[in-house]
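K.L.:
Shown below is the structure under consideration.
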Amino acid sequence: MIWGDDNTALAYERWYKTRSIRTHLLTPGGDLETALAEGNGPCCGRKADPSQAEALNRLLIDVKNWEDRYNDPGTILTMMNERGKPVIRLVYPEGNNPADGSETVEPSFLVQCPGASDEGDMPYLAVMDTIEAKQQIVWRSKPPLLENALNILESDEETGLPKRLLLKRESPEENPNLFIAELPEDLFENGEPQITQALTAFPHPALELKDVKRKIVTYEREDGVKLNASLFVPAGYDAARDGPLKMFMWAYPREFKSATFAGQMRDSPLRFNRLARTPLYWLTRGYAILDGPLMPVIGEGDTEPNDTYVEQLVSSAKAAVDYVVKEGIAKRCVPRRILSKPVLDPACFLCRV
């Protein structure tokens, strides 16, 4: 549970078995006896309904499955109060902030969302009303850069809406750096933010890898589950001209309850090619790298993912190998066999699962 003010608080409930999250909007300072008499007590499951705006407790957000990134409603933002405790960041898009002594009005929330889609993440900030949980976007990352709002540096005194943001900006060739952005006066007219100050200027940490090519590729495994991965090839590489390469595959399995959501995109093609987690330095030795090929272990309904763990793991690895072989980027070390340990034969895959 997290507090906003005397009239606004949020309570969360999570159910891991179904991957569901429910967010309830509470009115802590309301009349409990009246609410109970009307069936709006603290444990009710009332759905968001404009006619129930005065209910002491109503269901505001009902996430059926948090694995579904494409319909992620985002995270409601908080701020530190004068006691150093996190509270809900309340905003009043129409003005009339009760802090200025005017008549109390229904507040809204600021939410931050990854903006996931088949094209990759495009993070955004939005205003969410507390009646029907509808969102109005006030800022969004746009290609060719990937931006993330790290903090709200200044807010409008009357509405509480953001005026200045601390942004992290990056691209496949540009190291992430921090900037201050001024938002347009009318946030709902899709105006462009203005970068007013660059706070950092971190250079590329390995110029030898600046021109390597990264592509998010998609393919399917035998049971029809859609998969994707990040494919890195050396600078200037052409499969038709240069032929197959030696290859690293760097993967880790993850369990899901839904085959549909398991195949959703979980990255952005605009993200900087970071060096810390993956063996990208092998690109300078002529290797290709398939980074993070999805290896979902799915257990839908009453079945558990581990019931068929090995079979699904092998099927996902086989699908990844089949894809790169079909595209001519790599070739098999031993026909119809997937290696699970590093090998020294330069014609083989170097796999780590």
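Quick note on naming: the chains in the structure tokens go A, B, ... in the order shown, residues restart at 1 in each chain, and ligands are numbered from 1 in order of appearance.
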Pick out the residues sitting within 7 Å of A:Leu231, and hand them over as number ranges by chain; count only C-alpha atoms, and ignore anything fewer than 4 positions along from it in its own chain.

P.N.:
A: 214-217, 289-291

K.L.:
Could the residues in this selection be saved with N, CA and C atoms as a CSV table (one decimal), in the first residue's frame?

P.N.:
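Written output follows (out-v7.csv):
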```
chain,number,residue,atom,x,y,z
A,214,ARG,N,23.9,-4.8,-35.1
A,214,ARG,CA,23.0,-5.5,-34.2
A,214,ARG,C,21.6,-5.5,-34.8
A,215,LYS,N,21.0,-6.6,-34.8
A,215,LYS,CA,19.6,-6.7,-35.4
A,215,LYS,C,18.8,-7.7,-34.5
A,216,ILE,N,17.6,-7.2,-34.2
A,216,ILE,CA,16.7,-8.1,-33.5
A,216,ILE,C,16.0,-9.0,-34.5
A,217,VAL,N,16.2,-10.3,-34.4
A,217,VAL,CA,15.7,-11.3,-35.3
A,217,VAL,C,14.5,-12.1,-34.6
A,289,ILE,N,27.5,-13.3,-32.8
A,289,ILE,CA,26.9,-13.5,-31.4
A,289,ILE,C,25.4,-13.5,-31.5
A,290,LEU,N,24.8,-14.5,-31.0
A,290,LEU,CA,23.3,-14.4,-30.9
A,290,LEU,C,23.1,-14.3,-29.4
A,291,ASP,N,22.7,-13.0,-29.0
A,291,ASP,CA,22.6,-12.7,-27.6
A,291,ASP,C,21.1,-12.8,-27.1
```

K.L.:
Please identify the helix (DSSP H, G or I) residues within stretch 103-259 of chain A (assignment by DSSP from backbone atoms) and present them as number ranges by chain.

P.N.:
A: 187-189, 207-209, 239-242, 259

K.L.:
Go ahead and dump the residues you just picked, N, CA and C atoms, as a tab-separated table (two decimals), in the first residue's frame.

P.N.:
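Generated file (selection_6.tsv):
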```tsv
chain	number	residue	atom	x	y	z
A	187	LEU	N	1.44	20.13	-22.60
A	187	LEU	CA	1.97	18.76	-22.69
A	187	LEU	C	1.13	17.86	-23.58
A	188	PHE	N	-0.12	18.20	-23.80
A	188	PHE	CA	-1.02	17.30	-24.51
A	188	PHE	C	-1.13	17.63	-26.00
A	189	GLU	N	-0.28	18.53	-26.49
A	189	GLU	CA	-0.31	18.89	-27.91
A	189	GLU	C	0.85	18.28	-28.69
A	207	LEU	N	35.91	1.65	-29.23
A	207	LEU	CA	35.67	2.13	-30.59
A	207	LEU	C	35.80	1.02	-31.63
A	208	GLU	N	36.54	-0.04	-31.29
A	208	GLU	CA	36.66	-1.16	-32.24
A	208	GLU	C	35.31	-1.81	-32.51
A	209	LEU	N	34.35	-1.62	-31.59
A	209	LEU	CA	33.05	-2.26	-31.72
A	209	LEU	C	31.95	-1.28	-32.12
A	239	ALA	N	26.66	-11.93	-45.23
A	239	ALA	CA	26.55	-13.39	-45.21
A	239	ALA	C	26.73	-13.99	-46.59
A	240	ALA	N	26.14	-13.36	-47.62
A	240	ALA	CA	26.24	-13.91	-48.98
A	240	ALA	C	27.68	-13.86	-49.49
A	241	ARG	N	28.40	-12.82	-49.12
A	241	ARG	CA	29.77	-12.66	-49.60
A	241	ARG	C	30.79	-13.40	-48.74
A	242	ASP	N	30.61	-13.33	-47.41
A	242	ASP	CA	31.64	-13.82	-46.50
A	242	ASP	C	31.38	-15.22	-45.97
A	259	ALA	N	2.00	-18.81	-23.78
A	259	ALA	CA	2.83	-18.92	-24.98
A	259	ALA	C	2.78	-17.64	-25.80
```

K.L.:
Please identify the strand (DSSP E or B) residues within stretch 97-305 of chain A (assignment by DSSP from backbone atoms) and present them as a ChimeraX atom specification.

P.N.:
/A:108-113,124-129,135-140,146-155,162-170,177-182,194-198,213-220,226-233,246-250,254-256,287-291,296-298

K.L.:
Quick one: everything within 8 Å of A:Leu161, counting only C-alpha atoms, minus sequence neighbours fewer than 6 positions away in the same chain. Send it as a list in words.

P.N.:
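Answer for this query is Val91, Tyr92, Pro93 and Ser155 of chain A.
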
K.L.:
Looking at A:Arg14, A:Arg58, A:Arg140, A:Arg266, which one is nearest to A:Ser230, with distances taken over only C-alpha atoms?

P.N.:
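Going through A:Arg14, A:Arg58, A:Arg140, A:Arg266 one by one, the smallest distance to A:Ser230 is for A:Arg266.
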
K.L.:
Could you give me, as a tab-separated table, every stretch 247-271 of chain A residue with an atom at most 10 Å from stretch 310-318 of chain A, plus its closest atom pair and distance in Å to one decimal, counting only C-alpha atoms, rows ordered by chain then number?

P.N.:
```
residue	atom	partner	partner_atom	distance
A:Met249	CA	A:Ala317	CA	9.2
A:Ala251	CA	A:Ala317	CA	8.9
A:Tyr252	CA	A:Leu313	CA	9.5
A:Pro253	CA	A:Leu313	CA	7.2
A:Arg254	CA	A:Leu313	CA	9.6
```

K.L.:
Keeping only N, CA and C atoms, take the residues you just selected and write them out as an mmCIF file, in the first residue's frame.

P.N.:
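That gives us part11.cif:
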```
data_model
loop_
_atom_site.group_PDB
_atom_site.id
_atom_site.type_symbol
_atom_site.label_atom_id
_atom_site.label_comp_id
_atom_site.auth_asym_id
_atom_site.auth_seq_id
_atom_site.Cartn_x
_atom_site.Cartn_y
_atom_site.Cartn_z
ATOM 1 N N MET A 249 26.404 -18.286 -28.664
ATOM 2 C CA MET A 249 25.015 -18.080 -28.255
ATOM 3 C C MET A 249 25.005 -17.919 -26.745
ATOM 4 N N ALA A 251 22.451 -17.405 -23.660
ATOM 5 C CA ALA A 251 21.017 -17.468 -23.368
ATOM 6 C C ALA A 251 20.765 -17.907 -21.938
ATOM 7 N N TYR A 252 19.529 -17.652 -21.494
ATOM 8 C CA TYR A 252 19.102 -18.090 -20.168
ATOM 9 C C TYR A 252 17.603 -18.365 -20.229
ATOM 10 N N PRO A 253 17.162 -19.524 -19.750
ATOM 11 C CA PRO A 253 15.730 -19.848 -19.825
ATOM 12 C C PRO A 253 14.913 -19.036 -18.828
ATOM 13 N N ARG A 254 13.632 -18.880 -19.142
ATOM 14 C CA ARG A 254 12.718 -18.150 -18.267
ATOM 15 C C ARG A 254 11.337 -18.773 -18.390
#
```

K.L.:
With only C-alpha atoms as the basis for distance, which of A:Ile21, A:Met79, A:Ile298, A:Leu146 is at the shortest distance from A:Trp66?

P.N.:
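Checking each candidate against A:Trp66, we get A:Ile21 as the closest.
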
K.L.:
Pick out the closest residue to A:Tyr287 from this set: A:Lys326, A:Trp3, A:Val233, A:Pro86. Count only C-alpha atoms.

P.N.:
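Closest to A:Tyr287 of all the choices is A:Val233.
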
K.L.:
Check which residues of stretch 104-146 of chain A sit at most 10 Å from stretch 190-195 of chain A using only C-alpha atoms, and return one row each with the closest pair of atoms and their distance in Å to one decimal, ordered by chain and rising number, as JSON lines.

P.N.:
```
{"residue": "A:Ile137", "atom": "CA", "partner": "A:Asn190", "partner_atom": "CA", "distance": 8.4}
{"residue": "A:Val138", "atom": "CA", "partner": "A:Asn190", "partner_atom": "CA", "distance": 7.3}
{"residue": "A:Trp139", "atom": "CA", "partner": "A:Asn190", "partner_atom": "CA", "distance": 7.8}
{"residue": "A:Arg140", "atom": "CA", "partner": "A:Asn190", "partner_atom": "CA", "distance": 9.1}
```

K.L.:
Please produce, as CSV, a per-residue contact table for stretch 243-308 of chain A versus stretch 110-122 of chain A (criterion: any atom at most 7 Å away, only C-alpha atoms considered), showing the nearest atom pair and its distance in Å to one decimal, sorted by chain then residue number.

P.N.:
```
residue,atom,partner,partner_atom,distance
A:Gln264,CA,A:Asp118,CA,7.0
A:Met265,CA,A:Asp118,CA,5.7
A:Arg266,CA,A:Gly120,CA,6.9
A:Asp267,CA,A:Gly120,CA,5.6
A:Ser268,CA,A:Gly120,CA,4.3
A:Pro269,CA,A:Gly120,CA,6.5
```

K.L.:
Could you give me, as a PDB file with N, CA and C atoms, in the first residue's frame, the residues within 6 Å of stretch 149-152 of chain A, counting only C-alpha atoms and dropping anything in the same chain fewer than 6 positions from it?

P.N.:
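Output file selection.pdb is given in full below:
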```pdb
ATOM      1  N   LEU A 165      12.713  17.403 -17.177  1.00  0.00           N
ATOM      2  CA  LEU A 165      13.021  15.993 -16.951  1.00  0.00           C
ATOM      3  C   LEU A 165      14.525  15.763 -17.010  1.00  0.00           C
ATOM      4  N   LEU A 166      14.964  14.772 -16.258  1.00  0.00           N
ATOM      5  CA  LEU A 166      16.312  14.231 -16.410  1.00  0.00           C
ATOM      6  C   LEU A 166      16.198  13.015 -17.310  1.00  0.00           C
ATOM      7  N   LEU A 167      16.825  13.085 -18.488  1.00  0.00           N
ATOM      8  CA  LEU A 167      16.712  12.018 -19.480  1.00  0.00           C
ATOM      9  C   LEU A 167      18.029  11.273 -19.636  1.00  0.00           C
TER      10      LEU A 167
END
```

K.L.:
From the set A:Ala229, A:Leu294, A:Met1, A:Leu275, which residue has the shortest atom-to-atom contact distance to A:Glu255, counting only C-alpha atoms?

P.N.:
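Going through A:Ala229, A:Leu294, A:Met1, A:Leu275 one by one, the smallest distance to A:Glu255 is for A:Leu294.
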
K.L.:
For each of A:Val324, A:Glu174, A:Phe261, A:Asn7, take the minimum atom-to-atom distance to A:Asn71, counting only C-alpha atoms, then give the residue where this is smallest.

P.N.:
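The closest residue to A:Asn71 is A:Phe261.
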
K.L.:
Using atom CA of A:Lys210 and atom CA of A:Ile180 as the two end points, give the distance in Å to one decimal.

P.N.:
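The value is 25.5 Å.
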
K.L.:
Enter the distance from atom CA of A:Glu67 to atom CA of A:Trp250, in Å, rounded to one decimal.

P.N.:
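Separation between atom CA of A:Glu67 and atom CA of A:Trp250: 22.1 Å.
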